[in-house]
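Shown here: upload_12.tsv, TSV, C-alpha atoms.
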chain	number	residue	atom	x	y	z
Y	186	MET	CA	107.17	74.94	119.30
Y	187	GLN	CA	105.01	77.48	121.13
Y	188	MET	CA	106.53	80.91	121.59
Y	189	LYS	CA	105.31	83.33	124.24
Y	190	LEU	CA	106.78	86.82	124.02
Y	191	ASP	CA	106.97	89.31	126.83
Y	192	ARG	CA	105.70	92.83	126.16
Y	193	ARG	CA	109.09	94.27	125.17
Y	194	GLN	CA	109.77	91.46	122.69
Y	195	PHE	CA	106.29	91.74	121.19
Y	196	ILE	CA	106.55	95.51	120.72
Y	197	THR	CA	110.02	95.17	119.18
Y	198	LEU	CA	108.78	92.48	116.79
Y	199	THR	CA	105.73	94.39	115.60
Y	200	SER	CA	106.69	98.07	115.86
Y	201	GLY	CA	108.31	98.17	112.44
Y	202	LEU	CA	105.31	96.51	110.92
Y	203	PHE	CA	102.72	98.91	112.33
Y	204	SER	CA	104.75	102.11	112.15
Y	205	THR	CA	104.22	102.45	108.41
Y	206	SER	CA	101.05	100.47	107.81
Y	207	VAL	CA	97.57	101.78	107.15
Y	208	PHE	CA	94.55	99.50	107.11
Y	209	THR	CA	94.01	98.20	103.57
Y	210	VAL	CA	90.59	99.74	102.99
Y	211	ALA	CA	91.84	103.16	104.00
Y	212	SER	CA	95.20	103.04	102.23
Y	213	ALA	CA	94.09	104.47	98.86
Y	214	SER	CA	94.68	107.98	100.12
Y	215	SER	CA	96.24	109.34	103.27
Y	216	LEU	CA	93.62	112.10	103.11
Y	217	LYS	CA	90.76	109.66	103.53
Y	218	THR	CA	89.35	109.06	106.98
Y	219	PRO	CA	88.29	105.57	108.10
Y	220	VAL	CA	84.61	105.23	108.98
Y	221	PHE	CA	83.60	102.24	111.07
Y	222	LEU	CA	80.34	100.33	110.85
Y	223	SER	CA	78.77	97.99	113.36
Y	224	ALA	CA	75.45	96.54	114.30
Y	225	ALA	CA	74.30	97.42	117.82
Y	226	SER	CA	71.37	96.97	120.17
Y	227	ASP	CA	70.13	98.85	123.22
Y	228	GLY	CA	68.47	97.93	126.49
Y	229	ASP	CA	64.99	98.40	125.02
Y	230	ASP	CA	65.65	95.74	122.36
Y	231	ASN	CA	66.02	98.27	119.56
Y	232	HIS	CA	68.52	97.34	116.86
Y	233	TRP	CA	70.70	99.69	114.86
Y	234	VAL	CA	73.41	100.08	112.27
Y	235	ILE	CA	75.80	102.80	113.43
Y	236	GLY	CA	78.61	104.55	111.57
Y	237	PHE	CA	81.32	106.33	113.54
Y	238	SER	CA	84.75	107.88	113.10
Y	239	GLN	CA	87.71	107.67	115.47
Y	240	SER	CA	90.24	110.19	116.73
Y	241	ASP	CA	93.01	109.77	119.29
Y	242	LYS	CA	90.76	109.71	122.35
Y	243	ALA	CA	87.21	109.86	121.06
Y	244	SER	CA	84.72	108.39	118.64
Y	245	THR	CA	82.06	110.43	116.86
Y	246	GLU	CA	78.76	108.95	115.71
Y	247	LEU	CA	78.10	109.86	112.08
Y	248	PHE	CA	74.79	108.13	111.50
Y	249	ARG	CA	72.40	105.65	113.05
Y	250	HIS	CA	69.50	103.79	111.44
Y	251	SER	CA	66.91	101.46	112.91
Y	252	LEU	CA	66.95	97.85	111.74
Y	253	PRO	CA	64.06	95.35	111.61
Y	254	GLY	CA	65.91	92.97	113.92
Y	255	ARG	CA	69.31	92.17	115.37
Y	256	ALA	CA	72.13	92.14	112.82
Y	257	HIS	CA	75.57	90.52	112.89
Y	258	HIS	CA	78.02	91.53	110.14
Y	259	ILE	CA	78.16	94.43	107.67
Y	260	ALA	CA	79.67	93.90	104.20
Y	261	VAL	CA	81.08	96.92	102.35
Y	262	HIS	CA	81.70	97.59	98.65
Y	263	GLU	CA	83.32	100.96	98.05
Y	264	GLY	CA	83.03	100.79	94.25
Y	265	LEU	CA	79.25	100.55	94.51
Y	266	GLY	CA	79.21	102.98	97.42
Y	267	ILE	CA	77.10	100.68	99.58
Y	268	TYR	CA	77.14	98.80	102.84
Y	269	LEU	CA	74.97	95.74	103.41
Y	270	VAL	CA	73.73	94.71	106.85
Y	271	ILE	CA	73.09	90.97	107.31
Y	272	ALA	CA	70.54	89.72	109.83
Y	273	ARG	CA	71.71	87.54	112.70
Y	274	ARG	CA	70.52	83.92	112.66
Y	275	PRO	CA	67.61	83.21	112.25
Y	276	GLY	CA	66.89	86.62	110.67
Y	277	LYS	CA	65.60	87.00	107.13
Y	278	TYR	CA	66.58	90.51	105.98
Y	279	LEU	CA	69.37	92.22	104.05
Y	280	TRP	CA	69.44	95.99	104.66
Y	281	VAL	CA	71.37	98.20	102.23
Y	282	GLY	CA	72.70	101.71	102.88
Y	283	ASP	CA	74.65	104.40	101.03
Y	284	LEU	CA	78.26	104.83	102.15
Y	285	GLU	CA	78.41	108.58	101.55
Y	286	SER	CA	75.22	109.60	103.33
Y	287	GLY	CA	74.59	106.53	105.46
Y	288	GLU	CA	70.97	106.63	104.28
Y	289	PRO	CA	69.00	103.43	103.52
Y	290	LEU	CA	68.65	102.27	99.91
Y	291	ALA	CA	66.76	98.98	100.15
Y	292	GLU	CA	65.56	96.17	102.38
Y	293	ILE	CA	65.38	92.65	100.97
Y	294	THR	CA	63.51	89.78	102.64
Y	295	LEU	CA	64.33	86.10	102.13
Y	296	PRO	CA	61.85	83.43	101.02
Y	297	ALA	CA	59.72	81.90	103.79
Y	298	ASP	CA	61.71	78.65	103.94
Y	299	ARG	CA	65.14	80.30	104.41
Y	300	HIS	CA	67.06	82.35	106.94
Y	301	LEU	CA	70.48	83.98	107.09
Y	302	TYR	CA	73.51	83.30	109.30
Y	303	GLY	CA	74.76	86.87	109.63
Y	304	HIS	CA	77.58	86.94	107.05
Y	305	GLY	CA	78.12	87.55	103.35
Y	306	VAL	CA	80.76	88.74	100.90
Y	307	PHE	CA	80.83	90.78	97.67
Y	308	SER	CA	82.73	89.80	94.55
Y	309	ALA	CA	85.57	92.23	93.81
Y	310	ASP	CA	83.65	93.91	90.97
Y	311	GLY	CA	80.52	94.25	93.09
Y	312	ASN	CA	78.35	92.39	90.61
Y	313	TYR	CA	77.59	89.55	93.01
Y	314	PHE	CA	76.95	89.04	96.70
Y	315	TYR	CA	77.28	85.59	98.31
Y	316	ALA	CA	75.43	84.71	101.51
Y	317	PRO	CA	75.03	81.46	103.50
Y	318	GLU	CA	71.46	80.40	104.24
Y	319	ASN	CA	69.63	77.65	106.08
Y	320	ALA	CA	67.09	75.63	104.07
Y	321	TRP	CA	65.50	74.75	107.39
Y	322	GLN	CA	62.66	72.64	106.00
Y	323	MET	CA	65.17	69.99	104.89
Y	324	ILE	CA	64.80	67.12	107.36
Y	325	ASN	CA	67.46	64.80	105.97
Y	326	GLY	CA	70.93	65.72	104.81
Y	327	ASP	CA	72.81	69.00	105.09
Y	328	SER	CA	70.64	72.12	105.13
Y	329	GLY	CA	73.39	74.65	104.42
Y	330	ARG	CA	73.11	76.62	101.19
Y	331	VAL	CA	75.01	79.43	99.48
Y	332	VAL	CA	72.91	81.93	97.54
Y	333	VAL	CA	74.38	84.17	94.85
Y	334	TRP	CA	72.72	87.56	94.44
Y	335	GLU	CA	73.19	89.73	91.36
Y	336	VAL	CA	73.72	93.34	92.47
Y	337	LYS	CA	72.92	96.38	90.33
Y	338	ARG	CA	73.42	100.07	90.99
Y	339	ALA	CA	73.61	102.53	88.11
Y	340	ASP	CA	76.16	104.77	89.82
Y	341	ARG	CA	77.06	106.07	93.27
Y	342	LYS	CA	74.89	109.17	92.87
Y	343	THR	CA	71.59	107.39	92.33
Y	344	PRO	CA	69.51	105.56	94.95
Y	345	ARG	CA	68.38	103.03	92.35
Y	346	PHE	CA	69.51	99.64	93.60
Y	347	SER	CA	68.46	96.03	93.16
Y	348	MET	CA	69.49	92.54	94.27
Y	349	THR	CA	68.25	89.38	92.52
Y	350	ARG	CA	68.77	85.74	93.55
Y	351	VAL	CA	70.46	84.04	90.59
Y	352	LYS	CA	72.11	80.90	91.96
Y	353	ASP	CA	71.66	78.55	94.89
Y	354	PHE	CA	74.06	75.69	95.71
Y	355	PRO	CA	74.99	73.56	98.74
Y	356	SER	CA	77.45	74.66	101.40
Y	357	TYR	CA	78.41	70.97	101.78
Y	358	GLY	CA	77.59	71.09	105.46
Y	359	THR	CA	75.20	72.32	108.12
Y	360	GLY	CA	75.13	75.73	109.75
Y	361	PRO	CA	77.30	77.70	107.28
Y	362	HIS	CA	78.54	80.89	108.90
Y	363	GLU	CA	81.28	83.20	107.57
Y	364	LEU	CA	82.59	82.95	104.01
Y	365	LEU	CA	85.38	84.54	101.99
Y	366	ILE	CA	86.23	84.74	98.31
Y	367	THR	CA	89.77	84.11	97.08
Y	368	SER	CA	91.71	86.88	95.34
Y	369	ASP	CA	91.21	85.26	91.92
Y	370	GLN	CA	87.43	85.38	92.54
Y	371	ARG	CA	87.08	81.71	91.62
Y	372	THR	CA	86.66	80.05	95.00
Y	373	LEU	CA	84.48	80.61	98.04
Y	374	VAL	CA	85.92	79.54	101.38
Y	375	LEU	CA	83.12	78.64	103.76
Y	376	ALA	CA	82.99	77.84	107.48
Y	377	ASN	CA	80.35	75.16	108.05
Y	378	GLY	CA	79.65	75.43	111.77
Y	379	GLY	CA	78.05	71.97	111.83
Y	380	ILE	CA	75.14	72.95	114.08
Y	381	ARG	CA	71.57	72.20	112.96
Y	382	THR	CA	68.93	74.75	113.98
Y	383	HIS	CA	65.29	75.46	113.22
Y	384	PRO	CA	63.71	78.93	113.32
Y	385	GLU	CA	60.74	77.63	115.28
Y	386	ARG	CA	63.20	76.55	117.99
Y	387	GLY	CA	64.89	79.96	118.17
Y	388	ARG	CA	68.64	79.63	118.65
Y	389	LYS	CA	68.51	76.14	120.18
Y	390	LYS	CA	71.23	73.81	118.88
Y	391	LEU	CA	69.71	70.50	117.84
Y	392	ASN	CA	72.56	68.13	117.00
Y	393	ILE	CA	75.54	68.77	119.29
Y	394	GLU	CA	76.45	65.09	119.72
Y	395	SER	CA	76.53	64.46	115.96
Y	396	MET	CA	77.69	67.85	114.64
Y	397	GLN	CA	80.41	67.81	111.98
Y	398	PRO	CA	81.96	71.20	111.21
Y	399	SER	CA	84.07	71.66	108.10
Y	400	LEU	CA	86.04	74.15	106.05
Y	401	ALA	CA	84.82	73.96	102.45
Y	402	TYR	CA	86.31	75.37	99.24
Y	403	ILE	CA	83.55	75.82	96.64
Y	404	ASN	CA	83.75	76.92	93.02
Y	405	ALA	CA	82.11	80.35	93.00
Y	406	ILE	CA	80.69	79.86	89.48
Y	407	SER	CA	79.56	76.23	89.35
Y	408	GLY	CA	78.98	75.62	93.04
Y	409	ASP	CA	81.06	72.42	92.89
Y	410	LEU	CA	83.04	71.33	95.93
Y	411	GLU	CA	86.79	71.70	95.36
Y	412	GLU	CA	88.07	70.46	98.72
Y	413	GLN	CA	86.81	70.04	102.26
Y	414	HIS	CA	88.57	69.71	105.60
Y	415	LEU	CA	87.27	68.32	108.88
Y	416	LEU	CA	88.76	68.63	112.34
Y	417	ASP	CA	90.12	65.59	114.12
Y	418	GLY	CA	87.14	63.52	115.30
Y	419	GLN	CA	87.79	64.24	118.98
Y	420	TYR	CA	87.19	67.94	118.24
Y	421	HIS	CA	83.96	67.54	116.29
Y	422	LYS	CA	82.13	69.84	118.74
Y	423	ALA	CA	84.39	72.76	117.80
Y	424	SER	CA	82.10	74.79	115.56
Y	425	ILE	CA	84.04	76.45	112.73
Y	426	ARG	CA	82.66	79.99	112.64
Y	427	HIS	CA	84.80	82.98	111.68
Y	428	MET	CA	87.64	83.51	109.23
Y	429	ASP	CA	90.01	86.00	107.66
Y	430	GLN	CA	92.45	85.69	104.77
Y	431	ASN	CA	95.82	87.36	104.18
Y	432	GLN	CA	97.56	88.29	100.94
Y	433	SER	CA	99.18	84.88	100.52
Y	434	GLY	CA	95.84	83.07	100.79
Y	435	LEU	CA	96.43	81.84	104.34
Y	436	ILE	CA	93.12	81.41	106.16
Y	437	VAL	CA	92.79	81.81	109.92
Y	438	VAL	CA	89.72	80.19	111.45
Y	439	GLY	CA	88.17	80.86	114.87
Y	440	MET	CA	86.00	78.22	116.56
Y	441	GLN	CA	83.43	77.95	119.34
Y	442	TYR	CA	83.44	74.71	121.31
Y	443	GLU	CA	80.10	73.14	122.27
Y	444	GLY	CA	81.49	70.50	124.63
Y	445	GLU	CA	82.62	70.60	128.24
Y	446	PRO	CA	84.36	73.77	129.46
Y	447	PHE	CA	87.29	71.74	130.85
Y	448	ASP	CA	88.04	69.87	127.56
Y	449	ARG	CA	91.35	70.80	125.95
Y	450	VAL	CA	90.59	71.70	122.35
Y	451	PRO	CA	92.09	74.01	119.71
Y	452	LEU	CA	90.11	77.21	119.16
Y	453	LEU	CA	92.09	78.43	116.15
Y	454	VAL	CA	93.39	76.75	113.02
Y	455	THR	CA	95.15	78.10	109.95
Y	456	HIS	CA	94.86	76.67	106.49
Y	457	GLN	CA	96.43	77.00	103.04
Y	458	GLN	CA	94.43	75.49	100.20
Y	459	GLY	CA	95.65	72.00	99.35
Y	460	GLU	CA	97.24	71.44	102.75
Y	461	PRO	CA	96.00	69.98	106.08
Y	462	LEU	CA	94.48	72.11	108.81
Y	463	ARG	CA	97.02	73.36	111.35
Y	464	GLU	CA	95.87	73.59	114.98
Y	465	LEU	CA	97.06	76.55	117.04
Y	466	TRP	CA	97.47	76.45	120.81
Y	467	ALA	CA	98.09	79.21	123.33
Y	468	PRO	CA	100.17	78.39	126.41
Y	469	GLU	CA	98.41	78.04	129.74
Y	470	PRO	CA	96.79	79.88	131.35
Y	471	GLN	CA	95.81	81.79	128.19
Y	472	GLN	CA	94.39	78.72	126.42
Y	473	GLY	CA	92.02	78.15	129.32
Y	474	GLN	CA	91.20	81.84	129.54
Y	475	MET	CA	89.91	81.78	125.96
Y	476	THR	CA	86.90	79.95	127.51
Y	477	GLN	CA	86.24	77.76	124.46
Y	478	TYR	CA	85.09	80.72	122.32
Y	479	VAL	CA	86.63	82.87	119.59
Y	480	GLY	CA	84.30	85.62	118.41
Y	481	SER	CA	86.23	87.26	115.56
Y	482	VAL	CA	89.60	87.02	113.78
Y	483	ARG	CA	91.40	89.66	111.71
Y	484	PHE	CA	94.83	89.92	110.08
Y	485	ASP	CA	96.86	93.11	110.32
Y	486	ASN	CA	97.67	94.98	107.10
Y	487	SER	CA	100.85	93.02	106.40
Y	488	GLY	CA	99.18	89.64	106.85
Y	489	ASN	CA	102.02	88.55	109.12
Y	490	TYR	CA	100.01	88.77	112.34
Y	491	PHE	CA	96.41	88.38	113.39
Y	492	ALA	CA	94.20	89.12	116.36
Y	493	ALA	CA	91.55	86.77	117.74
Y	494	SER	CA	88.93	88.08	120.14
Y	495	CYS	CA	87.64	86.01	123.06
Y	496	PRO	CA	84.69	88.00	124.44
Y	497	ARG	CA	83.70	85.38	127.02
Y	498	GLY	CA	87.27	85.39	128.30
Y	499	ASN	CA	87.42	89.22	128.18
Y	500	MET	CA	90.61	89.29	126.12
Y	501	ILE	CA	92.11	89.79	122.67
Y	502	THR	CA	94.92	87.46	121.63
Y	503	PHE	CA	97.70	88.10	119.09
Y	504	TRP	CA	99.42	85.49	116.93
Y	505	GLU	CA	102.18	85.18	114.34
Y	506	ALA	CA	100.62	83.89	111.13
Y	507	LYS	CA	103.46	81.92	109.53
Y	508	SER	CA	104.58	80.02	112.61
Y	509	GLY	CA	101.21	79.93	114.35
Y	510	ASP	CA	102.89	81.09	117.56
Y	511	PHE	CA	100.93	82.82	120.30
Y	512	LEU	CA	102.43	86.26	120.97
Y	513	ARG	CA	100.43	87.85	123.76
Y	514	SER	CA	97.00	88.95	124.97
Y	515	VAL	CA	95.38	92.12	126.28
Y	516	ARG	CA	92.29	92.48	128.43
Y	517	SER	CA	89.09	93.76	126.81
Y	518	ARG	CA	85.83	93.18	128.66
Y	519	ASP	CA	83.40	91.48	126.23
Y	520	GLY	CA	85.58	92.74	123.36
Y	521	CYS	CA	84.77	91.09	120.06
Y	522	GLY	CA	84.63	93.36	116.97
Y	523	LEU	CA	88.07	93.85	115.37
Y	524	CYS	CA	89.63	96.17	112.81
Y	525	ALA	CA	93.30	96.87	112.08
Y	526	ILE	CA	94.10	100.59	111.88
Y	527	ASP	CA	97.28	102.65	111.77
Y	528	ASN	CA	99.55	101.45	114.56
Y	529	GLY	CA	97.24	98.86	116.09
Y	530	PHE	CA	93.66	97.61	116.32
Y	531	LEU	CA	90.26	98.99	117.18
Y	532	PHE	CA	88.02	96.81	119.39
Y	533	THR	CA	84.28	97.13	119.99
Y	534	ALA	CA	82.61	95.45	122.94
Y	535	GLY	CA	79.25	94.26	124.12
Y	536	THR	CA	79.58	96.80	126.94
Y	537	GLY	CA	79.37	99.64	124.41
Y	538	ARG	CA	83.04	100.57	124.76
Y	539	ILE	CA	85.34	101.29	121.82
Y	540	THR	CA	89.04	100.75	122.52
Y	541	TYR	CA	92.16	101.53	120.52
Y	542	TYR	CA	95.22	99.39	121.17
Y	543	ASP	CA	98.55	100.90	120.06
Y	544	VAL	CA	100.95	98.02	119.46
Y	545	ARG	CA	104.10	100.18	119.46
Y	546	GLN	CA	103.27	101.80	122.79
Y	547	ASP	CA	101.54	98.71	124.24
Y	548	SER	CA	98.76	101.04	125.37
Y	549	MET	CA	94.98	100.75	125.51
Y	550	THR	CA	92.88	103.89	125.01
Y	551	SER	CA	89.17	103.80	125.73
Y	552	LEU	CA	87.53	106.23	123.33
Y	553	ASP	CA	85.04	108.72	124.73
Y	554	SER	CA	81.65	108.03	123.21
Y	555	ALA	CA	78.11	109.16	123.90
Y	556	ASN	CA	77.09	105.56	123.20
Y	557	SER	CA	79.27	103.95	125.86
Y	558	GLY	CA	77.06	101.89	128.12
Y	559	LYS	CA	73.96	102.78	126.08
Y	560	VAL	CA	74.38	100.50	123.08
Y	561	PHE	CA	75.85	97.02	122.94
Y	562	TRP	CA	78.02	96.43	119.88
Y	563	ASP	CA	77.50	93.18	118.03
Y	564	ASN	CA	80.37	90.81	117.27
Y	565	HIS	CA	81.87	92.38	114.14
Y	566	LEU	CA	83.35	95.66	112.98
Y	567	SER	CA	83.71	96.87	109.39
Y	568	VAL	CA	85.51	99.89	107.93
Y	569	PHE	CA	85.65	101.97	104.76
Y	570	ALA	CA	87.43	105.16	103.68
Y	571	SER	CA	85.24	108.26	103.52
Can I see the file as structure tokens?
Amino acid sequence: MQMKLDRRQFITLTSGLFSTSVFTVASASSLKTPVFLSAASDGDDNHWVIGFSQSDKASTELFRHSLPGRAHHIAVHEGLGIYLVIARRPGKYLWVGDLESGEPLAEITLPADRHLYGHGVFSADGNYFYAPENAWQMINGDSGRVVVWEVKRADRKTPRFSMTRVKDFPSYGTGPHELLITSDQRTLVLANGGIRTHPERGRKKLNIESMQPSLAYINAISGDLEEQHLLDGQYHKASIRHMDQNQSGLIVVGMQYEGEPFDRVPLLVTHQQGEPLRELWAPEPQQGQMTQYVGSVRFDNSGNYFAASCPRGNMITFWEAKSGDFLRSVRSRDGCGLCAIDNGFLFTAGTGRITYYDVRQDSMTSLDSANSGKVFWDNHLSVFAS
């Protein structure tokens, strides 16, 4: 049964949760300050990685570095003291920076017959980095691949850094996008978007009528497929794109529908390994206002709730994880990047705005920033503790 809460009910339900929580990455010490990382572009088609901090009513830029092309997601490993910028499809670079100084450490370029999809994930020990790629020269069969990189850095105080391709196995689909690794480090969870592309055709989608998205569980060591889940056939144009995972292993998946704007389709599913996919539906008019597109999903610190951004619909939606119930939405023009912090969430937007939403107070605060209106944040937001 769908549950829609009014503002008072929603605040009552979540205020206890957020009043004592601190975002996981920043929870090691209350003295540590969260630093946020995002890719961004400007009106002159320059592309950047930007680090900034956040106070009650302002954000402060800490560093900015030029990138060789537009990026999408930034992976962080605090133990290694690095952040890794992943090129947006069909980009071919991985750009590595130092967490403490923000300064660049390395730039790695892919082989000529491959390109990235904008996401990747580190193993817990930092020894390996997993990234989806497109083997675009493959004419027949699925072109999605997962490449395992061995990562080496002597210690956090040296710039010496290297990444070496050591394994390459199928994604068991086409157009692999975001991936996660389970807490036991044995399984990769991969969103196969189902869309075939070719770098010589730019970002054109070549197989919409026959696309087949899937959620795949892959052995992180052998590359063998453990299980795979497809949407109901009538929803085969719902491209499975972005994911997050809570402490119990529940996966939330956001989708982007490539069919007609008036079709009624689920844009979110949750999944527990070994079980069927569970479709989530918002009540009208919110379901329609999601405009067939979820740009990012993130759990709060407890794992009991998650946010899903809908930048084309100019809103952020909130959901209860266990029941799958829609809770409420707030307006955020072109808001997409999400992080959970303190008593709420931080949103970044394609307009250049950074907004803090306080769940307890049900209040939105637009942070003063010299970048507002001058840079356009990409779809994802990462955080680490400085």
Atom pair CA of Asp353 in chain Y / CA of Leu301 in chain Y: separation (Å): 13.4 Å
Please write as a CSV table (one decimal) with C-alpha atoms, keeping the file's coordinate frame the list of polymer residues whose atoms come within 9 Å of (84.9, 69.1, 113.7), counting all atoms listed in the file and keeping to the coordinates of the file.
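Everything below was put into out_19.csv:
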chain,number,residue,atom,x,y,z
Y,378,GLY,CA,79.6,75.4,111.8
Y,379,GLY,CA,78.0,72.0,111.8
Y,396,MET,CA,77.7,67.8,114.6
Y,397,GLN,CA,80.4,67.8,112.0
Y,398,PRO,CA,82.0,71.2,111.2
Y,399,SER,CA,84.1,71.7,108.1
Y,414,HIS,CA,88.6,69.7,105.6
Y,415,LEU,CA,87.3,68.3,108.9
Y,416,LEU,CA,88.8,68.6,112.3
Y,417,ASP,CA,90.1,65.6,114.1
Y,418,GLY,CA,87.1,63.5,115.3
Y,419,GLN,CA,87.8,64.2,119.0
Y,420,TYR,CA,87.2,67.9,118.2
Y,421,HIS,CA,84.0,67.5,116.3
Y,422,LYS,CA,82.1,69.8,118.7
Y,423,ALA,CA,84.4,72.8,117.8
Y,424,SER,CA,82.1,74.8,115.6
Y,425,ILE,CA,84.0,76.4,112.7
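The two atoms in question, CA of Ala492 in chain Y and CA of Ile403 in chain Y, are spaced 26.1 Å apart.
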What are the closest atom pairs, with distances in Å to one decimal, for each residue of range 443-471 of chain Y lying within 12 Å of range 362-375 of chain Y, using all atoms listed in the file, rows by chain and rising residue number, as a Markdown table?
| residue | atom | partner | partner_atom | distance |
| --- | --- | --- | --- | --- |
| Y:His456 | CA | Y:Val374 | CA | 10.7 |
| Y:Gln457 | CA | Y:Val374 | CA | 10.9 |
| Y:Gln458 | CA | Y:Val374 | CA | 9.5 |
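CA of Thr540 in chain Y is positioned 19.0 Å from CA of Asp227 in chain Y.
Of the residues listed (Y:Gly287, Y:Gly473, Y:Pro275, Y:Pro496), Y:Pro496 shows the shortest atom-to-atom separation from Trp562 in chain Y; distances use all atoms listed in the file.
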What's the 12 Å shell around Asn499 in chain Y, counting only C-alpha atoms, without same-chain residues fewer than 3 positions away, as a CSV table (one decimal) with C-alpha atoms, keeping the file's coordinate frame?
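For reference, out.csv as written:
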chain,number,residue,atom,x,y,z
Y,471,GLN,CA,95.8,81.8,128.2
Y,474,GLN,CA,91.2,81.8,129.5
Y,475,MET,CA,89.9,81.8,126.0
Y,476,THR,CA,86.9,80.0,127.5
Y,478,TYR,CA,85.1,80.7,122.3
Y,479,VAL,CA,86.6,82.9,119.6
Y,480,GLY,CA,84.3,85.6,118.4
Y,493,ALA,CA,91.6,86.8,117.7
Y,494,SER,CA,88.9,88.1,120.1
Y,495,CYS,CA,87.6,86.0,123.1
Y,496,PRO,CA,84.7,88.0,124.4
Y,502,THR,CA,94.9,87.5,121.6
Y,514,SER,CA,97.0,89.0,125.0
Y,515,VAL,CA,95.4,92.1,126.3
Y,516,ARG,CA,92.3,92.5,128.4
Y,517,SER,CA,89.1,93.8,126.8
Y,518,ARG,CA,85.8,93.2,128.7
Y,519,ASP,CA,83.4,91.5,126.2
Y,520,GLY,CA,85.6,92.7,123.4
Y,521,CYS,CA,84.8,91.1,120.1
Y,532,PHE,CA,88.0,96.8,119.4
Y,533,THR,CA,84.3,97.1,120.0
Y,534,ALA,CA,82.6,95.4,122.9
Y,535,GLY,CA,79.2,94.3,124.1
Y,536,THR,CA,79.6,96.8,126.9
Need the shell around range 563-567 of chain Y: protein/DNA/RNA residues with any atom at most 10 Å away, counting only C-alpha atoms. Skip same-chain ones fewer than 4 positions apart. Format as a PDB file with C-alpha atoms, in the frame of the given file?
ATOM      1  CA  VAL Y 210      90.590  99.740 102.990  1.00  0.00           C
ATOM      2  CA  PRO Y 219      88.290 105.570 108.100  1.00  0.00           C
ATOM      3  CA  VAL Y 220      84.610 105.230 108.980  1.00  0.00           C
ATOM      4  CA  PHE Y 221      83.600 102.240 111.070  1.00  0.00           C
ATOM      5  CA  LEU Y 222      80.340 100.330 110.850  1.00  0.00           C
ATOM      6  CA  SER Y 223      78.770  97.990 113.360  1.00  0.00           C
ATOM      7  CA  ALA Y 224      75.450  96.540 114.300  1.00  0.00           C
ATOM      8  CA  ALA Y 225      74.300  97.420 117.820  1.00  0.00           C
ATOM      9  CA  SER Y 226      71.370  96.970 120.170  1.00  0.00           C
ATOM     10  CA  HIS Y 232      68.520  97.340 116.860  1.00  0.00           C
ATOM     11  CA  TRP Y 233      70.700  99.690 114.860  1.00  0.00           C
ATOM     12  CA  VAL Y 234      73.410 100.080 112.270  1.00  0.00           C
ATOM     13  CA  GLY Y 236      78.610 104.550 111.570  1.00  0.00           C
ATOM     14  CA  ARG Y 255      69.310  92.170 115.370  1.00  0.00           C
ATOM     15  CA  ALA Y 256      72.130  92.140 112.820  1.00  0.00           C
ATOM     16  CA  HIS Y 257      75.570  90.520 112.890  1.00  0.00           C
ATOM     17  CA  HIS Y 258      78.020  91.530 110.140  1.00  0.00           C
ATOM     18  CA  ILE Y 259      78.160  94.430 107.670  1.00  0.00           C
ATOM     19  CA  ALA Y 260      79.670  93.900 104.200  1.00  0.00           C
ATOM     20  CA  VAL Y 261      81.080  96.920 102.350  1.00  0.00           C
ATOM     21  CA  TYR Y 268      77.140  98.800 102.840  1.00  0.00           C
ATOM     22  CA  ARG Y 273      71.710  87.540 112.700  1.00  0.00           C
ATOM     23  CA  HIS Y 304      77.580  86.940 107.050  1.00  0.00           C
ATOM     24  CA  GLY Y 480      84.300  85.620 118.410  1.00  0.00           C
ATOM     25  CA  SER Y 481      86.230  87.260 115.560  1.00  0.00           C
ATOM     26  CA  VAL Y 482      89.600  87.020 113.780  1.00  0.00           C
ATOM     27  CA  SER Y 494      88.930  88.080 120.140  1.00  0.00           C
ATOM     28  CA  PRO Y 496      84.690  88.000 124.440  1.00  0.00           C
ATOM     29  CA  ASP Y 519      83.400  91.480 126.230  1.00  0.00           C
ATOM     30  CA  GLY Y 520      85.580  92.740 123.360  1.00  0.00           C
ATOM     31  CA  CYS Y 521      84.770  91.090 120.060  1.00  0.00           C
ATOM     32  CA  GLY Y 522      84.630  93.360 116.970  1.00  0.00           C
ATOM     33  CA  LEU Y 523      88.070  93.850 115.370  1.00  0.00           C
ATOM     34  CA  CYS Y 524      89.630  96.170 112.810  1.00  0.00           C
ATOM     35  CA  ALA Y 525      93.300  96.870 112.080  1.00  0.00           C
ATOM     36  CA  LEU Y 531      90.260  98.990 117.180  1.00  0.00           C
ATOM     37  CA  PHE Y 532      88.020  96.810 119.390  1.00  0.00           C
ATOM     38  CA  THR Y 533      84.280  97.130 119.990  1.00  0.00           C
ATOM     39  CA  ALA Y 534      82.610  95.450 122.940  1.00  0.00           C
ATOM     40  CA  GLY Y 535      79.250  94.260 124.120  1.00  0.00           C
ATOM     41  CA  THR Y 536      79.580  96.800 126.940  1.00  0.00           C
ATOM     42  CA  GLY Y 537      79.370  99.640 124.410  1.00  0.00           C
TER      43      GLY Y 537
END
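Nearest residue to Leu465 in chain Y among Y:Leu435, Y:Ala506, Y:Val544, Y:Val560 is Y:Ala506, counting all atoms listed in the file.
The nearest approach to Leu552 in chain Y among the residues Y:Pro470, Y:Val306, Y:Thr245, Y:Ile539, with all atoms listed in the file taken into account, belongs to Y:Ile539.
Among Y:Ile380, Y:Ala401, Y:Met348, Y:Leu452, the residue with the shortest atom-to-atom distance to Gln413 in chain Y, counting all atoms listed in the file, is Y:Ala401.
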- prompt: Ala316 in chain Y: which residues within 7 Å, counting all atoms listed in the file, same-chain residues fewer than 2 positions away excluded, as a list of chain:residue names?
  reply: Y:His304, Y:Gly305, Y:Val306, Y:Phe314, Y:Glu318, Y:Val331, Y:Val332, Y:Val333
